[in-house]
Every structure is written in C-alpha cells, then in structure tokens.
file structure.cif (mmCIF, C-alpha atoms)
data_run
#
loop_
_atom_site.label_atom_id
_atom_site.label_comp_id
_atom_site.auth_asym_id
_atom_site.auth_seq_id
_atom_site.Cartn_x
_atom_site.Cartn_y
_atom_site.Cartn_z
CA MET B 1178 -8.92 -233.95 189.88
CA SER B 1179 -8.98 -235.87 193.14
CA MET B 1180 -9.44 -234.15 196.46
CA SER B 1181 -7.92 -235.71 199.55
CA THR B 1182 -10.00 -235.28 202.67
CA PRO B 1183 -8.93 -236.35 206.17
CA LEU B 1184 -11.43 -239.20 206.02
CA SER B 1185 -9.96 -240.56 202.80
CA LYS B 1186 -6.70 -241.27 204.69
CA PRO B 1187 -6.21 -244.43 206.75
CA GLN B 1188 -7.53 -244.08 210.29
CA ILE B 1189 -6.03 -245.84 213.32
CA ILE B 1190 -8.89 -246.88 215.60
CA ALA B 1191 -8.36 -248.26 219.11
CA HIS B 1192 -10.91 -251.08 219.03
CA ILE B 1193 -10.17 -252.83 222.35
CA GLN B 1194 -8.06 -251.85 225.35
CA LYS B 1195 -7.28 -254.31 228.12
CA SER B 1196 -5.45 -253.47 231.35
CA LEU B 1197 -3.08 -256.15 232.63
CA ASN B 1198 -1.67 -256.87 236.09
CA TYR B 1199 1.86 -257.39 234.83
CA THR B 1200 4.50 -255.79 232.59
CA VAL B 1201 3.91 -256.95 229.01
CA PHE B 1202 6.96 -257.11 226.72
CA ASP B 1203 5.55 -258.74 223.60
CA SER B 1204 2.21 -259.50 222.00
CA LYS B 1205 1.64 -261.69 218.93
CA TRP B 1206 -1.36 -262.80 216.87
CA ILE B 1207 -1.84 -266.56 216.78
CA PRO B 1208 -1.92 -267.34 213.01
CA SER B 1209 -5.28 -268.32 211.49
CA SER B 1210 -7.23 -267.30 214.59
CA ALA B 1211 -8.84 -264.38 216.39
CA LYS B 1212 -6.50 -264.96 219.33
CA PHE B 1213 -3.32 -263.27 220.47
CA VAL B 1214 -0.61 -264.06 223.05
CA CYS B 1215 0.82 -261.63 225.61
CA LEU B 1216 4.24 -262.31 227.16
CA GLY B 1217 5.72 -260.58 230.18
CA ASN B 1218 6.53 -260.71 233.86
CA PHE B 1219 4.57 -260.48 237.10
CA PRO B 1220 5.72 -258.03 239.81
CA ARG B 1221 6.89 -261.05 241.85
CA GLY B 1222 9.54 -261.73 239.19
CA THR B 1223 7.98 -264.71 237.41
CA GLY B 1224 7.05 -264.98 233.73
CA VAL B 1225 3.54 -264.98 232.31
CA MET B 1226 1.94 -266.09 229.07
CA GLN B 1227 -1.69 -265.14 228.41
CA ILE B 1228 -3.94 -266.04 225.48
CA TYR B 1229 -6.81 -263.73 224.58
CA GLU B 1230 -9.60 -264.18 222.06
CA VAL B 1231 -11.31 -261.25 220.36
CA GLN B 1232 -15.08 -261.76 220.75
CA HIS B 1233 -17.91 -259.24 220.36
CA GLY B 1234 -15.62 -256.24 220.65
CA GLU B 1235 -13.84 -257.53 223.75
CA ALA B 1236 -10.65 -259.44 224.53
CA GLN B 1237 -11.58 -262.54 226.56
CA LEU B 1238 -8.87 -264.28 228.55
CA VAL B 1239 -8.70 -267.90 227.37
CA LYS B 1240 -5.62 -269.18 229.20
CA GLU B 1241 -2.91 -267.99 231.57
CA VAL B 1242 0.27 -269.78 232.57
CA GLU B 1243 2.99 -268.66 234.95
CA LYS B 1244 6.63 -269.49 234.23
CA PRO B 1245 9.75 -269.35 236.45
CA LYS B 1246 11.47 -266.58 234.44
CA PRO B 1247 10.10 -263.38 232.86
CA ILE B 1248 9.42 -263.80 229.12
CA LYS B 1249 10.88 -261.09 226.88
CA CYS B 1250 9.96 -262.01 223.29
CA GLY B 1251 8.16 -264.54 221.09
CA THR B 1252 7.68 -265.66 217.47
CA PHE B 1253 5.51 -268.04 215.46
CA GLY B 1254 7.88 -267.76 212.47
CA ALA B 1255 9.31 -271.29 212.61
CA THR B 1256 6.13 -273.27 213.27
CA SER B 1257 3.69 -274.95 210.92
CA LEU B 1258 0.14 -273.64 210.55
CA GLN B 1259 -1.06 -276.98 211.91
CA GLN B 1260 0.95 -276.78 215.15
CA ARG B 1261 1.18 -273.03 215.77
CA HIS B 1262 3.85 -273.42 218.45
CA ILE B 1263 5.32 -270.20 219.84
CA ALA B 1264 9.06 -269.85 220.48
CA THR B 1265 10.00 -267.54 223.37
CA GLY B 1266 13.15 -266.03 224.85
CA ASP B 1267 13.35 -265.28 228.57
CA PHE B 1268 15.38 -263.22 231.05
CA ASP B 1269 17.57 -266.21 231.93
CA GLY B 1270 18.75 -266.83 228.34
CA ASN B 1271 16.42 -269.77 227.65
CA LEU B 1272 14.82 -270.50 224.30
CA ASN B 1273 11.57 -272.44 224.76
CA ILE B 1274 8.97 -273.65 222.28
CA TRP B 1275 5.43 -274.05 223.60
CA ASN B 1276 2.35 -275.89 222.41
CA LEU B 1277 -0.33 -273.36 223.37
CA GLU B 1278 -2.90 -276.16 223.75
CA MET B 1279 -0.73 -277.66 226.51
CA PRO B 1280 1.61 -274.87 227.62
CA ASP B 1281 2.69 -276.33 230.96
CA VAL B 1282 5.86 -277.98 229.63
CA PRO B 1283 7.87 -276.73 226.61
CA VAL B 1284 8.11 -279.05 223.59
CA TYR B 1285 11.70 -277.79 223.06
CA THR B 1286 14.04 -276.04 225.46
CA VAL B 1287 17.66 -274.96 225.31
CA LYS B 1288 19.89 -272.67 227.36
CA ALA B 1289 20.54 -270.37 224.41
CA HIS B 1290 22.45 -267.51 226.04
CA LYS B 1291 24.26 -266.55 229.23
CA GLU B 1292 22.05 -263.46 229.65
CA ILE B 1293 18.59 -262.19 228.66
CA VAL B 1294 17.24 -263.01 225.19
CA ASN B 1295 16.35 -259.53 223.91
CA SER B 1296 14.94 -260.50 220.54
CA ILE B 1297 13.71 -263.53 218.59
CA ASP B 1298 12.56 -264.25 215.04
CA GLY B 1299 11.60 -267.31 213.03
CA VAL B 1300 11.49 -268.36 209.40
CA GLY B 1301 10.62 -271.45 207.38
CA GLY B 1302 7.26 -271.88 209.12
CA LEU B 1303 3.71 -270.69 208.35
CA GLY B 1304 4.49 -271.17 204.65
CA ILE B 1305 6.81 -268.13 204.78
CA GLY B 1306 10.37 -268.58 203.55
CA ASP B 1307 11.86 -271.62 201.85
CA GLY B 1308 14.15 -274.07 203.63
CA ALA B 1309 14.34 -275.44 207.14
CA PRO B 1310 12.41 -273.96 210.06
CA GLU B 1311 14.87 -271.85 212.03
CA ILE B 1312 14.80 -269.51 215.02
CA ILE B 1313 17.22 -266.69 215.68
CA THR B 1314 17.98 -265.20 219.11
CA GLY B 1315 19.91 -262.08 220.06
CA SER B 1316 21.12 -261.48 223.60
CA ARG B 1317 22.75 -259.06 226.00
CA ASP B 1318 25.69 -261.48 226.02
CA GLY B 1319 26.63 -260.09 222.58
CA THR B 1320 25.90 -263.22 220.58
CA VAL B 1321 23.37 -263.93 217.82
CA LYS B 1322 22.46 -267.61 217.39
CA VAL B 1323 20.44 -269.58 214.85
CA TRP B 1324 18.54 -272.66 216.05
CA ASP B 1325 16.89 -275.55 214.25
CA PRO B 1326 14.05 -276.84 216.50
CA ARG B 1327 14.75 -280.34 215.16
CA GLN B 1328 18.30 -280.20 216.51
CA LYS B 1329 18.82 -280.22 220.26
CA ASP B 1330 21.32 -278.32 222.40
CA SER B 1331 23.63 -276.64 219.88
CA PRO B 1332 22.92 -273.78 217.47
CA VAL B 1333 23.36 -274.21 213.71
CA ALA B 1334 25.14 -270.84 213.61
CA ASN B 1335 26.69 -268.57 216.24
CA MET B 1336 27.67 -265.00 215.44
CA GLU B 1337 29.79 -263.69 218.31
CA PRO B 1338 32.50 -261.06 218.76
CA VAL B 1339 36.03 -262.29 218.00
CA GLU B 1340 38.41 -262.57 220.91
CA GLY B 1341 39.50 -259.16 222.12
CA GLU B 1342 36.55 -257.39 220.49
CA THR B 1343 34.15 -255.57 222.82
CA LYS B 1344 30.88 -257.45 223.15
CA ARG B 1345 27.87 -255.28 222.43
CA ASP B 1346 24.33 -255.78 223.67
CA CYS B 1347 22.29 -257.21 220.77
CA TRP B 1348 18.86 -255.58 220.93
CA THR B 1349 17.16 -256.87 217.79
CA VAL B 1350 17.37 -259.66 215.20
CA ALA B 1351 15.48 -260.44 211.98
CA PHE B 1352 15.49 -263.03 209.20
CA GLY B 1353 15.38 -262.15 205.51
CA HIS B 1354 16.39 -263.22 202.01
CA ALA B 1355 14.86 -266.72 202.49
CA PHE B 1356 13.62 -266.97 198.92
CA ASN B 1357 15.01 -270.43 198.12
CA ASP B 1358 16.29 -273.51 199.98
CA GLN B 1359 19.87 -272.25 200.29
CA ASP B 1360 19.79 -268.48 200.78
CA ARG B 1361 19.05 -266.86 204.10
CA CYS B 1362 20.28 -263.74 205.87
CA VAL B 1363 20.16 -262.53 209.45
CA CYS B 1364 20.23 -258.87 210.41
CA ALA B 1365 21.20 -257.83 213.93
CA GLY B 1366 21.13 -254.41 215.62
CA TYR B 1367 23.22 -253.45 218.65
CA ASP B 1368 23.20 -250.91 221.47
CA ASN B 1369 26.09 -248.89 219.96
CA GLY B 1370 24.32 -248.32 216.61
CA ASP B 1371 25.93 -251.21 214.73
CA ILE B 1372 23.83 -253.06 212.15
CA LYS B 1373 25.31 -256.31 210.87
CA LEU B 1374 24.03 -258.47 208.01
CA PHE B 1375 25.10 -262.11 208.19
CA ASP B 1376 24.85 -264.43 205.19
CA LEU B 1377 23.93 -267.88 206.51
CA ARG B 1378 24.62 -269.60 203.19
CA ASN B 1379 28.28 -268.55 203.17
CA MET B 1380 28.53 -268.14 206.95
CA SER B 1381 30.01 -264.67 206.50
CA LEU B 1382 29.44 -261.05 207.49
CA ARG B 1383 27.98 -259.57 204.31
CA TRP B 1384 27.66 -255.92 205.36
CA GLU B 1385 27.82 -253.67 208.39
CA THR B 1386 27.10 -250.05 209.16
CA ASN B 1387 26.54 -247.79 212.15
CA ILE B 1388 23.57 -245.45 212.57
CA LYS B 1389 25.08 -243.62 215.58
CA ASN B 1390 22.26 -244.53 217.95
CA GLY B 1391 21.23 -247.78 219.65
CA VAL B 1392 19.29 -249.98 217.21
CA CYS B 1393 15.95 -250.90 218.79
CA CYS B 1394 14.36 -252.88 215.96
CA VAL B 1395 15.22 -254.17 212.49
CA GLU B 1396 12.81 -255.78 210.04
CA PHE B 1397 12.89 -256.74 206.37
CA ASP B 1398 9.74 -255.80 204.48
CA ARG B 1399 9.43 -259.49 203.60
CA LYS B 1400 11.39 -262.50 204.86
CA ASP B 1401 10.72 -264.76 201.89
CA ILE B 1402 11.89 -262.66 198.92
CA ASN B 1403 15.21 -261.58 197.48
CA MET B 1404 16.18 -258.81 199.93
CA ASN B 1405 14.20 -255.67 199.09
CA LYS B 1406 14.10 -253.20 201.99
CA LEU B 1407 15.20 -253.13 205.62
CA VAL B 1408 13.92 -250.71 208.25
CA ALA B 1409 16.04 -249.99 211.34
CA THR B 1410 14.67 -247.94 214.25
CA SER B 1411 16.74 -246.29 216.93
CA LEU B 1412 16.91 -244.21 220.06
CA GLU B 1413 16.20 -240.48 219.75
CA GLY B 1414 13.30 -240.81 217.34
CA LYS B 1415 15.00 -241.76 214.10
CA PHE B 1416 14.53 -244.65 211.69
CA HIS B 1417 16.30 -245.62 208.46
CA VAL B 1418 15.00 -247.45 205.39
CA PHE B 1419 17.75 -249.26 203.46
CA ASP B 1420 17.25 -250.35 199.85
CA MET B 1421 18.70 -253.88 199.95
CA ARG B 1422 18.55 -254.64 196.21
CA THR B 1423 21.83 -253.01 195.24
CA GLN B 1424 24.99 -253.43 197.31
CA HIS B 1425 27.91 -251.23 196.30
CA PRO B 1426 31.37 -252.70 197.08
CA THR B 1427 32.37 -249.72 199.25
CA LYS B 1428 29.24 -247.64 199.83
CA GLY B 1429 27.06 -250.63 200.78
CA PHE B 1430 23.29 -250.08 200.72
CA VAL B 1431 21.72 -246.64 200.34
CA SER B 1432 19.16 -245.43 202.85
CA VAL B 1433 16.70 -242.68 203.64
CA SER B 1434 16.06 -241.62 207.25
CA GLU B 1435 13.17 -239.94 209.02
CA LYS B 1436 12.90 -238.35 212.46
CA ALA B 1437 9.33 -238.66 213.66
CA HIS B 1438 8.84 -239.74 217.23
CA LYS B 1439 10.27 -237.38 219.80
CA SER B 1440 11.79 -240.31 221.63
CA THR B 1441 12.89 -243.92 221.07
CA VAL B 1442 11.32 -245.75 218.12
CA TRP B 1443 10.76 -249.10 219.79
CA GLN B 1444 9.29 -251.13 216.94
CA VAL B 1445 8.68 -251.32 213.22
CA ARG B 1446 6.27 -253.74 211.55
CA HIS B 1447 5.49 -254.02 207.84
CA LEU B 1448 1.94 -254.70 206.74
CA PRO B 1449 1.77 -258.38 205.69
CA GLN B 1450 -0.53 -257.52 202.77
CA ASN B 1451 1.57 -254.60 201.46
CA ARG B 1452 5.32 -254.51 202.02
CA ASP B 1453 5.59 -250.77 201.30
CA ILE B 1454 3.41 -249.78 204.26
CA PHE B 1455 4.84 -250.00 207.76
CA MET B 1456 4.08 -248.79 211.26
CA THR B 1457 6.51 -247.50 213.89
CA ALA B 1458 5.82 -247.45 217.63
CA GLY B 1459 7.33 -244.83 219.87
CA GLY B 1460 8.47 -244.10 223.39
CA THR B 1461 5.81 -241.45 223.95
CA GLY B 1462 2.94 -243.87 223.32
CA ASN B 1463 2.35 -243.05 219.67
CA LEU B 1464 2.08 -244.97 216.41
CA TYR B 1465 3.08 -243.65 212.98
CA LEU B 1466 1.89 -245.24 209.74
CA TRP B 1467 4.24 -244.78 206.77
CA LYS B 1468 4.41 -245.51 203.06
CA TYR B 1469 7.64 -245.99 201.14
CA GLU B 1470 7.73 -244.64 197.59
CA TYR B 1471 10.30 -246.09 195.19
CA PRO B 1472 12.39 -243.80 193.00
CA ALA B 1473 11.96 -243.90 189.20
CA GLN B 1474 15.20 -245.91 189.03
CA ARG B 1475 16.41 -247.97 191.97
CA SER B 1476 20.06 -248.02 190.91
CA LYS B 1477 22.52 -245.97 188.89
CA LYS B 1478 26.14 -246.18 187.78
CA ASP B 1479 28.81 -244.43 189.82
CA ALA B 1480 31.98 -242.83 188.43
CA ASP B 1481 33.71 -246.22 188.32
CA GLY B 1482 30.85 -247.90 186.50
CA GLY B 1483 29.65 -249.82 189.56
CA ASP B 1484 26.00 -250.10 190.51
CA VAL B 1485 24.88 -247.95 193.42
CA GLY B 1486 21.38 -247.88 194.88
CA VAL B 1487 19.01 -244.90 194.80
CA ALA B 1488 16.96 -244.25 197.94
CA GLY B 1489 13.23 -243.68 197.77
CA SER B 1490 11.09 -241.40 199.92
CA ILE B 1491 8.83 -241.89 202.94
CA SER B 1492 5.43 -240.30 203.44
CA LEU B 1493 3.41 -240.20 206.66
CA LEU B 1494 -0.09 -241.62 206.23
CA GLN B 1495 -1.40 -241.27 209.78
CA ASN B 1496 -0.38 -241.09 213.41
CA VAL B 1497 -2.10 -241.53 216.76
CA THR B 1498 -1.21 -241.23 220.44
CA LEU B 1499 -2.52 -244.11 222.53
CA SER B 1500 -0.68 -243.70 225.81
CA THR B 1501 1.87 -241.67 227.77
CA GLN B 1502 4.11 -244.75 228.08
CA PRO B 1503 6.22 -246.45 225.39
CA ILE B 1504 4.55 -248.92 223.02
CA ALA B 1505 7.08 -251.73 223.10
CA SER B 1506 5.45 -254.34 220.87
CA LEU B 1507 3.38 -254.32 217.71
CA ASP B 1508 2.05 -257.12 215.52
CA TRP B 1509 -0.17 -257.06 212.42
CA SER B 1510 -2.66 -259.87 211.93
CA PRO B 1511 -1.39 -262.10 209.11
CA ASP B 1512 -4.99 -262.94 208.17
CA LYS B 1513 -7.03 -259.74 208.37
CA GLN B 1514 -5.63 -256.60 206.78
CA GLY B 1515 -5.46 -253.64 209.16
CA LEU B 1516 -5.97 -255.64 212.36
CA CYS B 1517 -3.15 -255.03 214.79
CA VAL B 1518 -2.25 -255.78 218.42
CA CYS B 1519 0.12 -253.62 220.45
CA SER B 1520 1.21 -253.50 224.06
CA GLY B 1521 3.06 -250.98 226.15
CA PHE B 1522 4.59 -250.15 229.49
CA ASP B 1523 1.28 -248.74 230.73
CA GLN B 1524 0.47 -252.44 231.36
CA SER B 1525 -2.13 -252.46 228.60
CA VAL B 1526 -2.71 -254.42 225.43
CA ARG B 1527 -4.74 -252.88 222.60
CA VAL B 1528 -6.36 -254.23 219.49
CA LEU B 1529 -6.35 -251.66 216.71
CA ILE B 1530 -8.10 -251.43 213.35
CA VAL B 1531 -6.38 -249.45 210.61
CA THR B 1532 -8.82 -248.55 207.85
CA LYS B 1533 -8.44 -247.72 204.13
CA LEU B 1534 -5.11 -249.50 203.69
CA ASN B 1535 -6.15 -250.70 200.25
CA VAL B 1536 -6.49 -247.19 198.84
CA VAL B 1537 -3.10 -245.74 199.77
#

call {"tool": "encode", "arguments": {"input": "structure.cif", "output": "structure tokens"}}
result
Amino acid sequence: MSMSTPLSKPQIIAHIQKSLNYTVFDSKWIPSSAKFVCLGNFPRGTGVMQIYEVQHGEAQLVKEVEKPKPIKCGTFGATSLQQRHIATGDFDGNLNIWNLEMPDVPVYTVKAHKEIVNSIDGVGGLGIGDGAPEIITGSRDGTVKVWDPRQKDSPVANMEPVEGETKRDCWTVAFGHAFNDQDRCVCAGYDNGDIKLFDLRNMSLRWETNIKNGVCCVEFDRKDINMNKLVATSLEGKFHVFDMRTQHPTKGFVSVSEKAHKSTVWQVRHLPQNRDIFMTAGGTGNLYLWKYEYPAQRSKKDADGGDVGVAGSISLLQNVTLSTQPIASLDWSPDKQGLCVCSGFDQSVRVLIVTKLNVV
C-alpha cells in the first residue's frame, strides 16, 4: 500500500525572480547552456533582447541589445547546436535570425508579414526532427508561412485564406510529425477558435476544427515523432488534448478538455524529458502541471467499421500562483529536467524548479 503525501507530489519552486524595465513577451532557454533570452519592448516603443546567465542562485545580465521594433516571439528550433541562432518575429512583420554572440546585425532577415508576427516555431535544428531546418510564422495578417533560412525572401509554403474568405488573426503556430525526411505538419490556432492542421508533404489542409474560443497556444507533445498528442489552450480557461494517432474520416481526432484557470490559458509546454507531462500558464498569474493518462485502448471500431480514437484523461499534479498578472511565456530547459523559465506582464522573468518529475 502506498500513501501519497503532499511532499511526494512535484513541487513548483520559484528559484529566481528578476524585475525588468520593459514588457517581456517571450523567454527561451539557450540550448546546452545555463543562459536564457528575454524578448520584448521598451516603453519608448523599441525592441529589446536580453541574455541572462543563471549563476549562484541569481540571473546575471550578460548582454542587452535594443532593436527598432518590439520583439514578440522567438525560437531556437531551426538552428544547430553549434550555432544556437535565435529566430524572432517582431511587431512590424519581420522575421530575423540572430547570432547571439554578435547580435547587432541579423544573419537572416525577411519581411515575413504585413502585420505583427504573433507566433514562431522551428524544426529540423538541435537534432530534433528530420529534414530541412524550417521556421514557421503566424501573423495578424491571417497568413501562416514556412521559411527555410537557407532560402532568401520567399517562403517555402504560405497558408492564407482563399479570396473572399474572412482573414482571421493567427495567434499560434507549431510544428509536428517531423519523424522522417518527407513528413511534416503545421498546426495553427486562430482568434475565432479555428484550429487547422496543414500537411506540408502534400501541401494540403489535413484537418480543421473549432473550439469556440480564441486559440492562444498549440503544441504537439513532440515535434519529431509520428503525431501523438496536441494540446490547444484558449480564452476563458479551457484547454483541449487531442489524440492525433487516429483520424476518423468524419469525426477527425478525439479530444478531452479541462477547465482549470479562471481566465485565459496563455501557454502550454510539454516536458522535454516526458511527453505526457505538460504545464499550462494562465491569465491570473498561475501555473498548472498536468499528466495525461492513456486509455487502455487508444482506438476502437465505429458502427461502420472505421477506426475512431479514444480520449485519455488528465490529472492535475500541482499548481502555483506566481503573480497577479498573466504569465505569457514558458519554456522548459531542454538539458535539465524540471528547470523552467517563465515571464509575465508584471515585467518579471522567473526561473522555476519543478521537483519529483521522475516519480509521477
């Protein structure tokens, strides 16, 4: 007989808190280092990129650069571990790639969108995902574009509304299904609740659904495997976990939903070391740590003999309130299990340690 005590559960510990003199929109660990990057905008309307190093229980500022336009989002997903270049999207629709050793001038720049780049993701770098390094951007202009940093000026794919269709604000994008050289999918979430799954191999819309609330964040549990699970977070405190292994011709993918945060669920991030554990960040300054449990059978036959997925269940492992303001970004360390950086609209960045993740 095993007894579960509160201390046997994972604990979320705020290890370091740093106040900033600007609005921070995104924060990312630099792979294979104890450093992280913060991206945002100064009150005077310019962009800022800061690099911090975690040393002796403190975050030391290593470098700060100011840019003409506020920076909204960033990813290391398309870079090599040797270069560790960060790709960023800004308020003016630019996609830039920066060498953080010499961040004054971008190593790649393109006018990606007519309006703000809301979201960015990368694949094919850091040894994650087969195939070419690619970057995806989603914008207020309604388009989702895929970029190859080796190809200048024009995207390798452009998913935009057909003529006459209302353009929706794309809030979030994510890569997935990059398990061989040919296959790759892009998922995009929009302000009206639409979720669209694009197949880049066939250049087609593979699946779409609507979750009735603006989609704030989508993420596959892993980018570099045959699609397994997708989490989508939304306004009004709800998130959905889709089982992506079985697609029914008419019913699509099955899902389970959970209402946890009392306000917008801004972010979801899966633990790099365990794809069934994920954290959500909310509009009231809280973090929730979840575990997904698979059903005994992940698919069954319907009345017509077709395969239909079976949804699993979600259990809450832990939650913590860090602030009164929304936590808008969240990033697990790829190297050290349980190490996490998050930033919010209280103009603070925090380094967290989540314990006992190996026992859940």

call {"tool": "resolve_selection", "arguments": {"input": "structure.cif", "expression": "the PyMOL selection byres ((chain B and resi 1331) around 12)", "output": "PyMOL selection string"}}
result
chain B and resi 1272+1286-1290+1322-1330+1332-1335

call {"tool": "closest_atom_pairs", "arguments": {"input": "structure.cif", "of": "stretch 1340-1439 of chain B", "to": "stretch 1303-1319 of chain B", "cutoff": "7 Å", "atoms": "all atoms listed in the file", "output": "JSON lines"}}
result
{"residue": "B:Lys1344", "atom": "CA", "partner": "B:Gly1319", "partner_atom": "CA", "distance": 5.0}
{"residue": "B:Arg1345", "atom": "CA", "partner": "B:Gly1319", "partner_atom": "CA", "distance": 5.0}
{"residue": "B:Asp1346", "atom": "CA", "partner": "B:Arg1317", "partner_atom": "CA", "distance": 4.3}
{"residue": "B:Cys1347", "atom": "CA", "partner": "B:Ser1316", "partner_atom": "CA", "distance": 5.3}
{"residue": "B:Trp1348", "atom": "CA", "partner": "B:Gly1315", "partner_atom": "CA", "distance": 6.6}
{"residue": "B:Thr1349", "atom": "CA", "partner": "B:Gly1315", "partner_atom": "CA", "distance": 6.3}
{"residue": "B:Val1350", "atom": "CA", "partner": "B:Gly1315", "partner_atom": "CA", "distance": 6.0}
{"residue": "B:Ala1355", "atom": "CA", "partner": "B:Gly1306", "partner_atom": "CA", "distance": 5.0}
{"residue": "B:Phe1356", "atom": "CA", "partner": "B:Asp1307", "partner_atom": "CA", "distance": 5.8}
{"residue": "B:Asn1357", "atom": "CA", "partner": "B:Asp1307", "partner_atom": "CA", "distance": 5.0}
{"residue": "B:Asp1358", "atom": "CA", "partner": "B:Gly1308", "partner_atom": "CA", "distance": 4.3}
{"residue": "B:Gln1359", "atom": "CA", "partner": "B:Gly1308", "partner_atom": "CA", "distance": 6.9}
{"residue": "B:Lys1400", "atom": "CA", "partner": "B:Gly1306", "partner_atom": "CA", "distance": 6.3}
{"residue": "B:Asp1401", "atom": "CA", "partner": "B:Gly1306", "partner_atom": "CA", "distance": 4.2}

call {"tool": "resolve_selection", "arguments": {"input": "structure.cif", "expression": "the PyMOL selection byres ((chain B and resi 1244) around 8)", "output": "list in words"}}
result
Thr1223, Gly1224, Val1225, Met1226, Val1242, Glu1243, Pro1245, Lys1246 and Pro1247 of chain B

call {"tool": "closest_residue", "arguments": {"input": "structure.cif", "among": "B:Asp1376, B:Asp1267, B:Glu1342, B:Asp1523", "to": "B:Gln1502", "atoms": "all atoms listed in the file"}}
result
B:Asp1523

call {"tool": "atom_distance", "arguments": {"input": "structure.cif", "atom1": "atom CA of B:Lys1533", "atom2": "atom CA of B:Ala1488"}}
result
26.4 Å

call {"tool": "closest_residue", "arguments": {"input": "structure.cif", "among": "B:Ala1255, B:Leu1499, B:Gly1302, B:Lys1240", "to": "B:Leu1277", "atoms": "only C-alpha atoms"}}
result
B:Lys1240

call {"tool": "closest_atom_pairs", "arguments": {"input": "structure.cif", "of": "stretch 1459-1489 of chain B", "to": "stretch 1405-1421 of chain B", "cutoff": "9 Å", "atoms": "only C-alpha atoms", "output": "Markdown table"}}
result
| residue | atom | partner | partner_atom | distance |
| --- | --- | --- | --- | --- |
| B:Gly1459 | CA | B:Gly1414 | CA | 7.6 |
| B:Gly1460 | CA | B:Gly1414 | CA | 8.4 |
| B:Tyr1469 | CA | B:Val1418 | CA | 8.6 |
| B:Arg1475 | CA | B:Asp1420 | CA | 8.3 |
| B:Gly1486 | CA | B:Asp1420 | CA | 6.9 |
| B:Val1487 | CA | B:Asp1420 | CA | 7.6 |
| B:Ala1488 | CA | B:Asp1420 | CA | 6.4 |
| B:Gly1489 | CA | B:Asp1420 | CA | 8.1 |

call {"tool": "resolve_selection", "arguments": {"input": "structure.cif", "expression": "the PyMOL selection byres ((chain B and resi 1264) around 6)", "output": "number ranges by chain"}}
result
B: 1251-1252, 1263, 1265, 1273-1274

call {"tool": "residues_near_point", "arguments": {"input": "structure.cif", "point": "(7.1, -252.3, 205.0)", "cutoff": "10 Å", "atoms": "all atoms listed in the file", "output": "short mmCIF file (atom, residue, chain, number, x, y, z; two decimals) with C-alpha atoms, in the frame of the given file"}}
result
data_model
loop_
_atom_site.label_atom_id
_atom_site.label_comp_id
_atom_site.auth_asym_id
_atom_site.auth_seq_id
_atom_site.Cartn_x
_atom_site.Cartn_y
_atom_site.Cartn_z
CA GLU B 1396 12.81 -255.78 210.04
CA PHE B 1397 12.89 -256.74 206.37
CA ASP B 1398 9.74 -255.80 204.48
CA ARG B 1399 9.43 -259.49 203.60
CA ASN B 1405 14.20 -255.67 199.09
CA LYS B 1406 14.10 -253.20 201.99
CA LEU B 1407 15.20 -253.13 205.62
CA VAL B 1408 13.92 -250.71 208.25
CA VAL B 1418 15.00 -247.45 205.39
CA VAL B 1445 8.68 -251.32 213.22
CA ARG B 1446 6.27 -253.74 211.55
CA HIS B 1447 5.49 -254.02 207.84
CA LEU B 1448 1.94 -254.70 206.74
CA PRO B 1449 1.77 -258.38 205.69
CA GLN B 1450 -0.53 -257.52 202.77
CA ASN B 1451 1.57 -254.60 201.46
CA ARG B 1452 5.32 -254.51 202.02
CA ASP B 1453 5.59 -250.77 201.30
CA ILE B 1454 3.41 -249.78 204.26
CA PHE B 1455 4.84 -250.00 207.76
CA MET B 1456 4.08 -248.79 211.26
CA LEU B 1466 1.89 -245.24 209.74
CA TRP B 1467 4.24 -244.78 206.77
CA LYS B 1468 4.41 -245.51 203.06
CA TYR B 1469 7.64 -245.99 201.14
#

call {"tool": "closest_residue", "arguments": {"input": "structure.cif", "among": "B:Asp1484, B:Glu1470, B:Asp1203, B:Asp1368", "to": "B:Ile1297", "atoms": "only C-alpha atoms"}}
result
B:Asp1203

call {"tool": "closest_residue", "arguments": {"input": "structure.cif", "among": "B:Thr1200, B:Asn1369, B:Ser1490, B:Gln1194", "to": "B:Tyr1229", "atoms": "all atoms listed in the file"}}
result
B:Gln1194

call {"tool": "closest_residue", "arguments": {"input": "structure.cif", "among": "B:Phe1522, B:Trp1275, B:Trp1384, B:Trp1443", "to": "B:Leu1507", "atoms": "only C-alpha atoms"}}
result
B:Trp1443

call {"tool": "residues_around", "arguments": {"input": "structure.cif", "residues": "stretch 1184-1192 of chain B", "least_positions_apart": "5", "cutoff": "8 Å", "atoms": "all atoms listed in the file", "output": "VMD selection string"}}
result
chain B and resid 1234 1494 to 1497 1499 1527 to 1534 1537

call {"tool": "atom_distance", "arguments": {"input": "structure.cif", "atom1": "atom CA of B:Gly1370", "atom2": "atom CA of B:Lys1389"}}
result
4.9 Å

call {"tool": "atom_distance", "arguments": {"input": "structure.cif", "atom1": "atom CA of B:Gly1515", "atom2": "atom CA of B:Val1395"}}
result
21.0 Å

call {"tool": "residues_around", "arguments": {"input": "structure.cif", "residues": "B:Lys1212", "least_positions_apart": "3", "cutoff": "10 Å", "atoms": "all atoms listed in the file", "output": "MDAnalysis selection string"}}
result
chainID B and resid 1205:1209 1228:1232 1236:1239 1510

call {"tool": "residues_around", "arguments": {"input": "structure.cif", "residues": "B:Cys1362", "least_positions_apart": "4", "cutoff": "10 Å", "atoms": "only C-alpha atoms", "output": "list in words"}}
result
Ala1351, Phe1352, Gly1353, His1354, Ala1355, Leu1374, Phe1375, Asp1376, Leu1377, Arg1378, Asn1379, Met1380, Ser1381, Leu1382, Arg1383, Lys1400 and Met1404 of chain B

call {"tool": "build_atoms", "arguments": {"input": "structure.cif", "residues": "stretch 1322-1328 of chain B", "atoms": "N, CA, C and O atoms", "output": "compact mmCIF listing (two decimals), in the coordinates of the input"}}
result
# COMPACT_ATOMS: atom_id res chain seq x y z
N LYS B 1322 22.41 -266.17 217.69
CA LYS B 1322 22.46 -267.61 217.39
C LYS B 1322 21.25 -268.05 216.58
O LYS B 1322 20.15 -267.55 216.78
N VAL B 1323 21.51 -269.01 215.68
CA VAL B 1323 20.44 -269.58 214.85
C VAL B 1323 20.21 -271.01 215.31
O VAL B 1323 21.16 -271.79 215.48
N TRP B 1324 18.93 -271.35 215.51
CA TRP B 1324 18.54 -272.66 216.05
C TRP B 1324 17.61 -273.38 215.08
O TRP B 1324 16.75 -272.77 214.47
N ASP B 1325 17.83 -274.69 214.97
CA ASP B 1325 16.89 -275.55 214.25
C ASP B 1325 16.14 -276.34 215.32
O ASP B 1325 16.76 -277.11 216.07
N PRO B 1326 14.79 -276.15 215.43
CA PRO B 1326 14.05 -276.84 216.50
C PRO B 1326 14.15 -278.36 216.42
O PRO B 1326 13.83 -279.06 217.38
N ARG B 1327 14.61 -278.88 215.29
CA ARG B 1327 14.75 -280.34 215.16
C ARG B 1327 16.10 -280.82 215.68
O ARG B 1327 16.37 -282.01 215.74
N GLN B 1328 16.96 -279.86 216.03
CA GLN B 1328 18.30 -280.20 216.51
C GLN B 1328 18.48 -279.69 217.93
O GLN B 1328 18.34 -278.51 218.19
